[in-house]
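For reference, the structure is listed below as structure tokens.
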Amino acid sequence: MNGLSPKLSRGVARVTEAALGPYQSAVIRIGFAGTWLLFLLREFPHRQELYGPSGPWGWNLAKQLTDDNHAFTALLWSDGRLWFECCYALAVLAGVALLLGWRTRTASLLFMLGVLSLQNRSVFVGDGGDNVLHLMSFYLVFTRCGQVWSLDARRAARDTAASARGERVPADRVGPVLWAVSGLALGTATLTGRFDNGWLIPALLWTAWAALGLWWAVGRRPAWQEPRTLLDVIANILHNGALVVIMAEACLIYATAGWYKIQGSRWQDGTAVYYPLHLDYFSPWPALADLMSASGTIMMVAAYATVMLQVAFPFTLFNRRVKNVLLVLMITEHAVIAVVLGLPFFSLAMIAADSVFLPTSFLRRLGGLAARARGRLVRSAGRTVPGPRSPQDSEDSEDSEGGEGGEGSPADRVGFTA
């Protein structure tokens with residue numbers, strides 16, 4: 001027992017002192033926000049039929065369903081076309097804000113509300129990718145996903161550099177205004193009985209709103225160091241717990257899908273792969289589908305490889321090298337599904353979920369390549385690259401796994417950075 005105490009102490013300190021996996025949380029933020037944003041823009045001409053008043057799943061039917069399952073959707077607050085257009089535009093803007101990492105704490109809440117509102121309005125038009133996005137939008141609220149690769153991190157690094165030089169750091173005016181406006185909207189919705197279907201969403205929104213106000217108030221007073229440290233510890237625990245849940249969710253998806261497949265004969269004889277290739281809905285490239293389905297070997301390899309990868313994936317997490325190989329295979333498989341079966345958004349959602357397991361060293365190198373590519377593009381336009389890099393980019397690289405990473409950036413130590 002005495003021998004375990006130091007290890008337990010180090011484990012507790014690691015979980016509470018830092019928000020782990022900053023690059024992994026950033027890449028899943030970018031992945032899911034980008035997937036949702038691309039979907040909304042792709043379906044913009046068909047938005048009325050999918051989620052609006054012109055859809056076959058009418059307002060009264062949706063209202064009856066949500067009254068029964070207590071699902072949240074702001075689209076049922078009114079059956080007017082103007083309200084729908086405002087909600088759709090807000091969902092698009094929330095996706096852009098989360099993708100860029102602008103006020104990520106508030107943006108993640110708005111992103112969740114946009115996803116839930118649209119998907120719960122018409123539950124029969126989605127697929128497996130929508131289910132993944134639905135769950136992950138909720139988990140992202142609890143993460144500190146703006147530590148790196150975000151406008152919040154850039155602004156915090158700029159303010160920290162200015163403070164180190166003895167310059168005056170400008171006060172944050174956008175954050176308090178955003179907090180006041182969101183509080184007014186939340187109070188109006190609560191008092192008018194809009195949250196009559198359930199208590200979870202309003203409780204989460206009010207808790208987050210109060211926490212943001214407390215975070216800002218404590219951050220303004222340098223003498224309140226102990227309350228600030230306590231808030232940091234709570235935020236780190238929530239973040240690390242949410243990352244564990246995201247990883248467990250991804251493993252559960254693959255494990256249940258793989259074990260379900262091996263219970264029947266469809267994946268054993270290859271028909272589960274063969275027949276979708278000949279459905280018009282899943283055949284954007286008929287010639288390619290015919291070429292693949294003409295070979296029994298290809299059908300057998302595709303069917304058996306899919307089942308084996310999904311069943312084996314959760315067990316490979318105990319070996320870093322094997323896990324990385326399977327990650328490449330899984331991402332490749334989803335890319336093939338996106339092209340061959342015409343399911344790009346499902347594949348993007350699954351790739352974004354897989355990215356939580358990517359090694360930190362790989363993500364840091366990927367970020368460096370993106371930064372150099374951006375620099376070349378900016379220099380070709382005759383300008384210089386603005387802004388400092390995130391503090392994590394100057395640290396020594398660690399060949400760590402999905403749950404490891406550097407400490408929280410200054411973006412998480414500035415009031416209203418989300």
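Going through the structure tokens in order, the chains are called A, B, and so on, while each chain numbers its residues from 1 and the ligands are numbered from 1 in the order shown.
The residue set within 10 Å of Thr106 of chain A, counting only C-alpha atoms and dropping same-chain residues fewer than 5 places from it, reads Ala94, Ala97, Leu98, Phe111, Val141, Gly175, Leu178, Trp179, Ser182, Leu205, Ala208, Trp209, Leu212, Phe416, Thr417 and Ala418 of chain A.
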Could you save the residues just selected, with N, CA and C atoms, as a PDB file, in the first residue's frame?
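Saved file out28.pdb follows:
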ATOM      1  N   ALA A  94     -22.382  29.111 -34.862  1.00  0.00           N
ATOM      2  CA  ALA A  94     -21.772  28.387 -33.741  1.00  0.00           C
ATOM      3  C   ALA A  94     -20.733  27.395 -34.246  1.00  0.00           C
ATOM      4  N   ALA A  97     -17.631  29.428 -35.128  1.00  0.00           N
ATOM      5  CA  ALA A  97     -16.938  29.888 -33.920  1.00  0.00           C
ATOM      6  C   ALA A  97     -16.176  28.754 -33.246  1.00  0.00           C
ATOM      7  N   LEU A  98     -16.793  27.575 -33.158  1.00  0.00           N
ATOM      8  CA  LEU A  98     -16.104  26.445 -32.530  1.00  0.00           C
ATOM      9  C   LEU A  98     -14.961  25.949 -33.397  1.00  0.00           C
ATOM     10  N   PHE A 111     -22.960  25.329 -30.021  1.00  0.00           N
ATOM     11  CA  PHE A 111     -22.818  24.229 -30.972  1.00  0.00           C
ATOM     12  C   PHE A 111     -23.693  23.051 -30.554  1.00  0.00           C
ATOM     13  N   VAL A 141     -18.731  20.038 -24.518  1.00  0.00           N
ATOM     14  CA  VAL A 141     -19.022  21.142 -23.600  1.00  0.00           C
ATOM     15  C   VAL A 141     -18.123  21.086 -22.365  1.00  0.00           C
ATOM     16  N   GLY A 175     -16.355  39.412 -23.971  1.00  0.00           N
ATOM     17  CA  GLY A 175     -16.778  38.342 -23.081  1.00  0.00           C
ATOM     18  C   GLY A 175     -17.930  38.724 -22.169  1.00  0.00           C
ATOM     19  N   LEU A 178     -21.127  39.156 -24.195  1.00  0.00           N
ATOM     20  CA  LEU A 178     -21.641  37.868 -24.620  1.00  0.00           C
ATOM     21  C   LEU A 178     -22.297  37.131 -23.459  1.00  0.00           C
ATOM     22  N   TRP A 179     -21.694  37.208 -22.283  1.00  0.00           N
ATOM     23  CA  TRP A 179     -22.258  36.570 -21.094  1.00  0.00           C
ATOM     24  C   TRP A 179     -23.596  37.196 -20.717  1.00  0.00           C
ATOM     25  N   SER A 182     -26.287  36.217 -23.379  1.00  0.00           N
ATOM     26  CA  SER A 182     -26.691  34.815 -23.227  1.00  0.00           C
ATOM     27  C   SER A 182     -27.521  34.616 -21.967  1.00  0.00           C
ATOM     28  N   LEU A 205     -27.123  24.532 -18.964  1.00  0.00           N
ATOM     29  CA  LEU A 205     -26.910  25.894 -19.458  1.00  0.00           C
ATOM     30  C   LEU A 205     -26.766  26.888 -18.312  1.00  0.00           C
ATOM     31  N   ALA A 208     -23.372  26.309 -16.570  1.00  0.00           N
ATOM     32  CA  ALA A 208     -22.267  26.845 -17.376  1.00  0.00           C
ATOM     33  C   ALA A 208     -22.262  28.365 -17.348  1.00  0.00           C
ATOM     34  N   TRP A 209     -23.428  28.981 -17.419  1.00  0.00           N
ATOM     35  CA  TRP A 209     -23.513  30.443 -17.394  1.00  0.00           C
ATOM     36  C   TRP A 209     -22.997  30.992 -16.065  1.00  0.00           C
ATOM     37  N   LEU A 212     -19.149  30.560 -15.882  1.00  0.00           N
ATOM     38  CA  LEU A 212     -18.424  31.552 -16.671  1.00  0.00           C
ATOM     39  C   LEU A 212     -18.367  32.894 -15.950  1.00  0.00           C
ATOM     40  N   PHE A 416     -13.352  34.699 -19.632  1.00  0.00           N
ATOM     41  CA  PHE A 416     -14.163  34.815 -20.824  1.00  0.00           C
ATOM     42  C   PHE A 416     -13.400  34.489 -22.094  1.00  0.00           C
ATOM     43  N   THR A 417     -12.409  33.595 -22.038  1.00  0.00           N
ATOM     44  CA  THR A 417     -11.756  33.174 -23.289  1.00  0.00           C
ATOM     45  C   THR A 417     -12.644  32.288 -24.092  1.00  0.00           C
ATOM     46  N   ALA A 418     -13.775  31.898 -23.544  1.00  0.00           N
ATOM     47  CA  ALA A 418     -14.703  31.089 -24.309  1.00  0.00           C
ATOM     48  C   ALA A 418     -15.970  31.846 -24.583  1.00  0.00           C
TER      49      ALA A 418
END
DSSP alpha helix (DSSP H) residues within segment 173-241 of chain A, listed as JSON, numbers by chain: {"A": [174, 175, 176, 177, 178, 179, 180, 181, 182, 183, 184, 185, 186, 187, 188, 189, 190, 191, 200, 201, 202, 203, 204, 205, 206, 207, 208, 209, 210, 211, 212, 213, 214, 215, 216, 217, 218, 219, 225, 226, 227, 228, 229, 230, 231, 232, 233, 234, 235, 236, 237, 238, 239, 240, 241]}
Among the residues A:Leu204, A:Ala162, A:Met330, A:Ala19, the one that comes closest to Gly146 of chain A [using only C-alpha atoms]: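 For Gly146 of chain A, the nearest of the given residues is A:Ala19.
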Pick from A:Leu75, A:Ile30, A:Leu116, A:Val132 nearest to Phe345 of chain A, counting only C-alpha atoms: A:Val132
Residue nearest Leu363 of chain A - candidates A:Lys7, A:Ala89, A:Val148, A:Leu238, atoms counted: only C-alpha atoms: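 Closest to Leu363 of chain A of all the choices is A:Val148.
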Selection near Pro53 of chain A, 7 Å with only C-alpha atoms, sequence-local residues under 3 positions removed, as a PyMOL selection string: chain A and resi 48+58-59+79+81
9 Å contact set for Asn240 of chain A, only C-alpha atoms, chain neighbours under 3 positions out, as a ChimeraX atom specification: /A:15-16,18-21,142-144,235-237,243-245,403
File dump, residues just selected, N, CA, C and O atoms, as a CSV table (one decimal), in the first residue's frame:
chain,number,residue,atom,x,y,z
A,15,VAL,N,-4.0,14.4,-13.0
A,15,VAL,CA,-5.4,14.6,-13.5
A,15,VAL,C,-5.9,16.0,-13.1
A,15,VAL,O,-6.7,16.6,-13.8
A,16,THR,N,-5.5,16.5,-12.0
A,16,THR,CA,-6.0,17.8,-11.4
A,16,THR,C,-5.2,19.0,-11.8
A,16,THR,O,-5.8,20.1,-11.9
A,18,ALA,N,-3.5,19.6,-14.7
A,18,ALA,CA,-3.4,20.0,-16.1
A,18,ALA,C,-4.6,19.4,-16.9
A,18,ALA,O,-5.1,18.3,-16.6
A,19,ALA,N,-5.0,20.1,-17.9
A,19,ALA,CA,-6.0,19.6,-18.9
A,19,ALA,C,-5.2,18.8,-19.9
A,19,ALA,O,-4.6,19.3,-20.8
A,20,LEU,N,-5.3,17.4,-19.8
A,20,LEU,CA,-4.5,16.6,-20.7
A,20,LEU,C,-5.0,16.5,-22.1
A,20,LEU,O,-6.2,16.9,-22.4
A,21,GLY,N,-4.2,16.1,-23.0
A,21,GLY,CA,-4.6,15.9,-24.4
A,21,GLY,C,-5.0,17.2,-25.1
A,21,GLY,O,-6.0,17.3,-25.7
A,142,PHE,N,-17.7,19.9,-21.9
A,142,PHE,CA,-17.0,19.7,-20.7
A,142,PHE,C,-15.5,19.7,-21.0
A,142,PHE,O,-14.7,19.6,-20.0
A,143,THR,N,-15.0,19.9,-22.2
A,143,THR,CA,-13.6,19.9,-22.5
A,143,THR,C,-13.1,21.3,-22.6
A,143,THR,O,-13.8,22.2,-22.9
A,144,ARG,N,-11.8,21.4,-22.3
A,144,ARG,CA,-11.1,22.7,-22.6
A,144,ARG,C,-10.4,22.6,-23.9
A,144,ARG,O,-9.2,22.5,-24.0
A,235,ALA,N,-12.1,22.4,-13.5
A,235,ALA,CA,-12.2,22.4,-15.0
A,235,ALA,C,-11.3,21.3,-15.6
A,235,ALA,O,-11.7,20.6,-16.6
A,236,ASN,N,-10.1,21.1,-15.0
A,236,ASN,CA,-9.2,20.0,-15.4
A,236,ASN,C,-9.9,18.6,-15.2
A,236,ASN,O,-9.7,17.8,-16.1
A,237,ILE,N,-10.5,18.4,-14.1
A,237,ILE,CA,-11.1,17.1,-13.8
A,237,ILE,C,-12.3,16.9,-14.8
A,237,ILE,O,-12.4,15.8,-15.4
A,243,LEU,N,-12.6,13.6,-21.8
A,243,LEU,CA,-11.8,12.9,-22.8
A,243,LEU,C,-11.9,11.4,-22.6
A,243,LEU,O,-11.9,10.6,-23.6
A,244,VAL,N,-11.9,10.9,-21.4
A,244,VAL,CA,-12.0,9.5,-21.1
A,244,VAL,C,-13.3,8.9,-21.7
A,244,VAL,O,-13.4,7.9,-22.3
A,245,VAL,N,-14.4,9.7,-21.5
A,245,VAL,CA,-15.7,9.3,-22.0
A,245,VAL,C,-15.7,9.3,-23.5
A,245,VAL,O,-16.3,8.3,-24.1
A,403,GLY,N,-4.4,10.4,-24.3
A,403,GLY,CA,-4.7,11.1,-23.1
A,403,GLY,C,-3.6,11.9,-22.5
A,403,GLY,O,-3.7,12.4,-21.4
